[in-house]
Amino acid sequence: MATATEGGSSGHVADISWQSPTVAYNRRSMSGFEEVNHYFRKAARIMDLSPRVERMLVTPFREVKVDVSITLDSGELGTFIGYRVQHDRSRGPMKGGLRYHPTVDMDEALGLASLMTWKTAVVNLPYGGAKGGISVDPATLTPRELERLTRRFVQQIHDIIGPQTDIPAPDLNTNAQVMAWIMDEYSRMHGFSPAVVTGKPVDLFGSRGREEATGRGVVFALEEYLKDAGQGEVRGKRFAVQGFGNVGSWACRFLHERGGRVVAVADAGGGVQAPDGLDIPKLIEHARTGRRVAGFPGADAITNEALLVLDVDVLIPAALGGVITESNARDVRARLVVEAANAPTTPRADEILAERGVTVLPDIFVNAGGVTVSYFEWAQNIQQFTWEAERVEAELQRHMREAYATLARVARERKVDLRTAAFIVAIGRVGRATVLRGV
Ligand code: GLU
């Protein structure tokens with residue numbers, strides 16, 4: 001079930017470690033776009049947003065669906081469909097990842113593109129939101145086929161993306177190599193354009209610290225909350241992490257470095273647990289060779305379903321959306337859920353968790369570290385100037401800290417949960433830009 005929020009590249013997970021999905025417990029009663037709009041409307045009501053602005057904000061700017069058929073290595077035709085949704089551009093070029101996954105469709109892209117609009121606004125980046133991908137199980141393709149598929153996709157969407165219009169990035173099952181192919185194909189058509197895509201390899205105009213940025217941002221987000229809530233630090237706390245791709249594995253590493261005890265981890269093939277804490281550096285080494293965490297020696301097995309309801313201090317879903325649902329939210333035993341994945345909690349589950357006093361740190365804040373460092377990468381590309389790793393890390397921490405301070409203040413003032421506060425902040429920023437620009 002669980003796959004990476006962003007595919008791995010040169011670091012923690014094997015270079016092409018595509019994971020097949022199982023959607024066994026992905027039961028959602030609303031579509032992905034409706035789910036995001038549910039949170040949007042809840043905040044809009046509290047803000048007393050005018051119906052006119054509300055309509056302007058929810059209506060997507062552009063939805064594109066393209067044929068990305070390729071000739072497979074066997075000589076047969078492989079038929080695939082690609083999507084790119086550009087949700088809002090009032091605050092700048094649209095920004096968001098590309099995922100390669102069988103669940104990709106227009107609704108999923110709409111929901112995730114709108115999340116990017118709110119996410120970039122929460123961390124105050126000069127961007128709008130976009131998202132897309134290809135409906136494909138990349139585990140069934142060879143690296144050459146994957147390259148052809150990626151280049152074909154760029155040929156189909158090159159006229160709607162660009163450094164000042166829409167800038168893709170990694171997401172589920174895509175990595176720095178895929179971004180390098182995008183940059184190359186786009187540059188063939190438009191001239192040298194490193195800033196058309198972020199999450200590139202550091203050797204090809206990527207930013208230092210981009211690969212680990214989402215995982216690092218997750219831990220910064222958590223630390224800000226713990227400090228504010230008077231709940232101490234990461235050290236000594238027990239964590240369960242679903243997903244061991246780019247986001248999950250880096251988050252685990254940073255938690256482990258800070259003395260956190262990661263007692264359970266799972267990926268698409270199931271998981272492992274150890275009551276005293278897993279040996280995270282060894283587990284990362286194990287996964288780097290393309291192996292599933294389930295085979296990790298010296299730890300007991302655990303299913304994805306059991307991991308979500310494990311008795312831990314903090315639960316971190318860092319894989320697919322829609323995993324905390326009406327059917328398991330009552331059983332979640334963690335008192336804090338940190339949404340490293342996009343949309344891991346359904347709106348009904350969110351209400352159940354709130355009723356039970358479980359705090360949820362929302363995705364549009366928690367996992368914004370990835371797009372924040374994407375912004376640094378884009379800025380470096382445009383300025384043709386590279387930053388040191390320390391600067392990237394310090395600037396990322398500053399962005400996460402400032403974003404949290406704003407959310408926490410709004411949550412207190414308005415007496416709302418942090419997700420609603422995040423939407424209020426985001427809607428305020430996007431709404432003001434929209435009104436100032438006019439229709
Ligand atoms: N795919 C990541 C996300 O969901 C990163 C997007 C980006 O860097 O543009 O936030």
# chains A, B, ... in the order shown; residues from 1 in each chain; ligands from 1
>>> residues_near_ligand(ligand="ligand 1", cutoff="10 Å", atoms="only C-alpha atoms and all ligand atoms", output="JSON, numbers by chain")
{"A": [5, 6, 7, 94, 95, 96, 97, 98, 99, 112, 113, 115, 116, 119, 120, 127, 129, 130, 131, 132, 166, 167, 168, 169, 170, 171, 172, 174, 197, 198, 199, 210, 211, 213, 214, 247, 340, 341, 342, 343, 363, 364, 365, 366, 367, 368, 369, 370, 371, 372, 373, 374, 375, 376, 377, 378]}
>>> select_by_dssp(residues="segment 55-213 of chain A", states="helix (DSSP H, G or I)", output="PyMOL selection string")
chain A and resi 55-58+106-122+138-140+143-157+176-190+194-196+202-204+213
>>> residues_around(residues="Met183 of chain A", least_positions_apart="2", cutoff="8 Å", atoms="only C-alpha atoms", output="number ranges by chain")
A: 179-181, 185-187, 193-194, 196-197
>>> write_last_selection(atoms="N, CA, C and O atoms", output="PDB file, in the first residue's frame")
ATOM      1  N   MET A 179      13.348  14.167 -13.422  1.00  0.00           N
ATOM      2  CA  MET A 179      13.384  15.629 -13.580  1.00  0.00           C
ATOM      3  C   MET A 179      14.477  16.030 -14.583  1.00  0.00           C
ATOM      4  O   MET A 179      14.302  16.974 -15.352  1.00  0.00           O
ATOM      5  N   ALA A 180      15.599  15.298 -14.572  1.00  0.00           N
ATOM      6  CA  ALA A 180      16.684  15.589 -15.530  1.00  0.00           C
ATOM      7  C   ALA A 180      16.189  15.367 -16.956  1.00  0.00           C
ATOM      8  O   ALA A 180      16.476  16.171 -17.855  1.00  0.00           O
ATOM      9  N   TRP A 181      15.426  14.302 -17.186  1.00  0.00           N
ATOM     10  CA  TRP A 181      14.881  14.053 -18.529  1.00  0.00           C
ATOM     11  C   TRP A 181      13.915  15.175 -18.926  1.00  0.00           C
ATOM     12  O   TRP A 181      13.899  15.623 -20.074  1.00  0.00           O
ATOM     13  N   GLU A 185      14.472  17.473 -22.189  1.00  0.00           N
ATOM     14  CA  GLU A 185      13.507  17.475 -23.299  1.00  0.00           C
ATOM     15  C   GLU A 185      12.933  18.881 -23.517  1.00  0.00           C
ATOM     16  O   GLU A 185      12.802  19.343 -24.644  1.00  0.00           O
ATOM     17  N   TYR A 186      12.618  19.556 -22.415  1.00  0.00           N
ATOM     18  CA  TYR A 186      12.070  20.911 -22.526  1.00  0.00           C
ATOM     19  C   TYR A 186      13.117  21.857 -23.140  1.00  0.00           C
ATOM     20  O   TYR A 186      12.804  22.687 -23.995  1.00  0.00           O
ATOM     21  N   SER A 187      14.391  21.682 -22.707  1.00  0.00           N
ATOM     22  CA  SER A 187      15.454  22.557 -23.203  1.00  0.00           C
ATOM     23  C   SER A 187      15.714  22.339 -24.692  1.00  0.00           C
ATOM     24  O   SER A 187      16.113  23.262 -25.401  1.00  0.00           O
ATOM     25  N   SER A 193      16.922  25.571 -20.182  1.00  0.00           N
ATOM     26  CA  SER A 193      15.936  26.043 -19.194  1.00  0.00           C
ATOM     27  C   SER A 193      15.968  25.220 -17.907  1.00  0.00           C
ATOM     28  O   SER A 193      15.032  24.479 -17.620  1.00  0.00           O
ATOM     29  N   PRO A 194      17.024  25.334 -17.115  1.00  0.00           N
ATOM     30  CA  PRO A 194      17.046  24.530 -15.886  1.00  0.00           C
ATOM     31  C   PRO A 194      15.881  24.835 -14.951  1.00  0.00           C
ATOM     32  O   PRO A 194      15.414  23.963 -14.227  1.00  0.00           O
ATOM     33  N   VAL A 196      12.833  25.152 -15.437  1.00  0.00           N
ATOM     34  CA  VAL A 196      11.510  24.653 -15.809  1.00  0.00           C
ATOM     35  C   VAL A 196      11.033  23.552 -14.867  1.00  0.00           C
ATOM     36  O   VAL A 196       9.844  23.244 -14.807  1.00  0.00           O
ATOM     37  N   VAL A 197      11.955  22.966 -14.114  1.00  0.00           N
ATOM     38  CA  VAL A 197      11.599  21.851 -13.239  1.00  0.00           C
ATOM     39  C   VAL A 197      12.533  21.884 -12.037  1.00  0.00           C
ATOM     40  O   VAL A 197      13.674  22.336 -12.151  1.00  0.00           O
TER      41      VAL A 197
END
>>> select_by_dssp(residues="segment 91-158 of chain A", states="strand (DSSP E)", output="list in words")
Met94, Lys95, Gly96, Gly97, Leu98, Arg99, Tyr100, Gly128, Gly129, Ala130, Lys131, Gly132, Gly133 and Ile134 of chain A
>>> write_last_selection(atoms="N, CA, C and O atoms", output="mmCIF file, in the first residue's frame")
data_model
loop_
_atom_site.group_PDB
_atom_site.id
_atom_site.type_symbol
_atom_site.label_atom_id
_atom_site.label_comp_id
_atom_site.auth_asym_id
_atom_site.auth_seq_id
_atom_site.Cartn_x
_atom_site.Cartn_y
_atom_site.Cartn_z
ATOM 1 N N MET A 94 2.739 28.452 -11.472
ATOM 2 C CA MET A 94 2.127 27.313 -10.771
ATOM 3 C C MET A 94 3.191 26.251 -10.513
ATOM 4 O O MET A 94 4.104 26.085 -11.295
ATOM 5 N N LYS A 95 3.032 25.553 -9.402
ATOM 6 C CA LYS A 95 4.111 24.685 -8.930
ATOM 7 C C LYS A 95 3.525 23.416 -8.351
ATOM 8 O O LYS A 95 2.529 23.463 -7.612
ATOM 9 N N GLY A 96 4.140 22.297 -8.662
ATOM 10 C CA GLY A 96 3.691 21.042 -8.060
ATOM 11 C C GLY A 96 4.245 19.841 -8.782
ATOM 12 O O GLY A 96 4.722 19.929 -9.909
ATOM 13 N N GLY A 97 4.186 18.706 -8.107
ATOM 14 C CA GLY A 97 4.858 17.506 -8.582
ATOM 15 C C GLY A 97 4.143 16.771 -9.701
ATOM 16 O O GLY A 97 3.018 17.094 -10.095
ATOM 17 N N LEU A 98 4.870 15.761 -10.200
ATOM 18 C CA LEU A 98 4.330 14.812 -11.171
ATOM 19 C C LEU A 98 4.455 13.440 -10.549
ATOM 20 O O LEU A 98 5.540 13.062 -10.102
ATOM 21 N N ARG A 99 3.364 12.685 -10.513
ATOM 22 C CA ARG A 99 3.457 11.334 -9.974
ATOM 23 C C ARG A 99 3.178 10.286 -11.041
ATOM 24 O O ARG A 99 2.396 10.529 -11.960
ATOM 25 N N TYR A 100 3.845 9.162 -10.913
ATOM 26 C CA TYR A 100 3.626 8.044 -11.822
ATOM 27 C C TYR A 100 2.981 6.940 -10.996
ATOM 28 O O TYR A 100 3.651 6.260 -10.208
ATOM 29 N N GLY A 128 1.681 29.632 -7.479
ATOM 30 C CA GLY A 128 0.344 29.047 -7.444
ATOM 31 C C GLY A 128 0.487 27.534 -7.365
ATOM 32 O O GLY A 128 1.567 27.022 -7.087
ATOM 33 N N GLY A 129 -0.608 26.828 -7.620
ATOM 34 C CA GLY A 129 -0.577 25.376 -7.449
ATOM 35 C C GLY A 129 -0.858 24.613 -8.724
ATOM 36 O O GLY A 129 -1.681 25.028 -9.544
ATOM 37 N N ALA A 130 -0.174 23.479 -8.881
ATOM 38 C CA ALA A 130 -0.407 22.578 -10.018
ATOM 39 C C ALA A 130 -0.057 21.151 -9.582
ATOM 40 O O ALA A 130 0.591 20.957 -8.547
ATOM 41 N N LYS A 131 -0.487 20.201 -10.327
ATOM 42 C CA LYS A 131 -0.103 18.808 -10.068
ATOM 43 C C LYS A 131 -0.444 17.984 -11.286
ATOM 44 O O LYS A 131 -1.285 18.373 -12.094
ATOM 45 N N GLY A 132 0.201 16.847 -11.422
ATOM 46 C CA GLY A 132 -0.124 15.999 -12.556
ATOM 47 C C GLY A 132 0.598 14.687 -12.460
ATOM 48 O O GLY A 132 1.120 14.320 -11.406
ATOM 49 N N GLY A 133 0.627 14.011 -13.577
ATOM 50 C CA GLY A 133 1.304 12.730 -13.582
ATOM 51 C C GLY A 133 0.778 11.840 -14.676
ATOM 52 O O GLY A 133 0.025 12.269 -15.552
ATOM 53 N N ILE A 134 1.196 10.580 -14.603
ATOM 54 C CA ILE A 134 0.798 9.605 -15.611
ATOM 55 C C ILE A 134 0.197 8.412 -14.883
ATOM 56 O O ILE A 134 0.723 7.970 -13.852
#
>>> closest_residue(among="A:Glu355, A:Glu390, A:Glu145, A:Asp276", to="Val263 of chain A", atoms="only C-alpha atoms")
A:Asp276
>>> closest_residue(among="A:Glu76, A:Asp137, A:Asp417, A:Asp228", to="Glu351 of chain A", atoms="only C-alpha atoms")
A:Asp417
>>> residues_around(residues="Ile427 of chain A", least_positions_apart="4", cutoff="12 Å", atoms="only C-alpha atoms", output="count of residues only")
40
>>> residues_around(residues="Val312 of chain A", least_positions_apart="5", cutoff="12 Å", atoms="only C-alpha atoms", output="list in words")
Gly236, Lys237, Arg238, Phe239, Ala240, Val241, Gly260, Arg261, Val262, Val263, Ala264, Gln273, Ala274, Pro275, Asp276, Gly277, Ala306, Leu307, Val332, Arg333, Ala334, Arg335, Leu336 and Val337 of chain A
>>> residues_around(residues="Val64 of chain A", least_positions_apart="5", cutoff="9 Å", atoms="only C-alpha atoms", output="list in words")
Gly82, Tyr83, Arg84, Val85, Gln86, Met106, Gly132 and Ile157 of chain A
>>> closest_residue(among="A:Gln177, A:Leu226, A:Gln384, A:Ala109", to="Thr359 of chain A", atoms="only C-alpha atoms")
A:Leu226
>>> closest_residue(among="A:Trp250, A:Phe296, A:Phe244, A:Tyr225", to="Tyr404 of chain A", atoms="only C-alpha atoms")
A:Tyr225
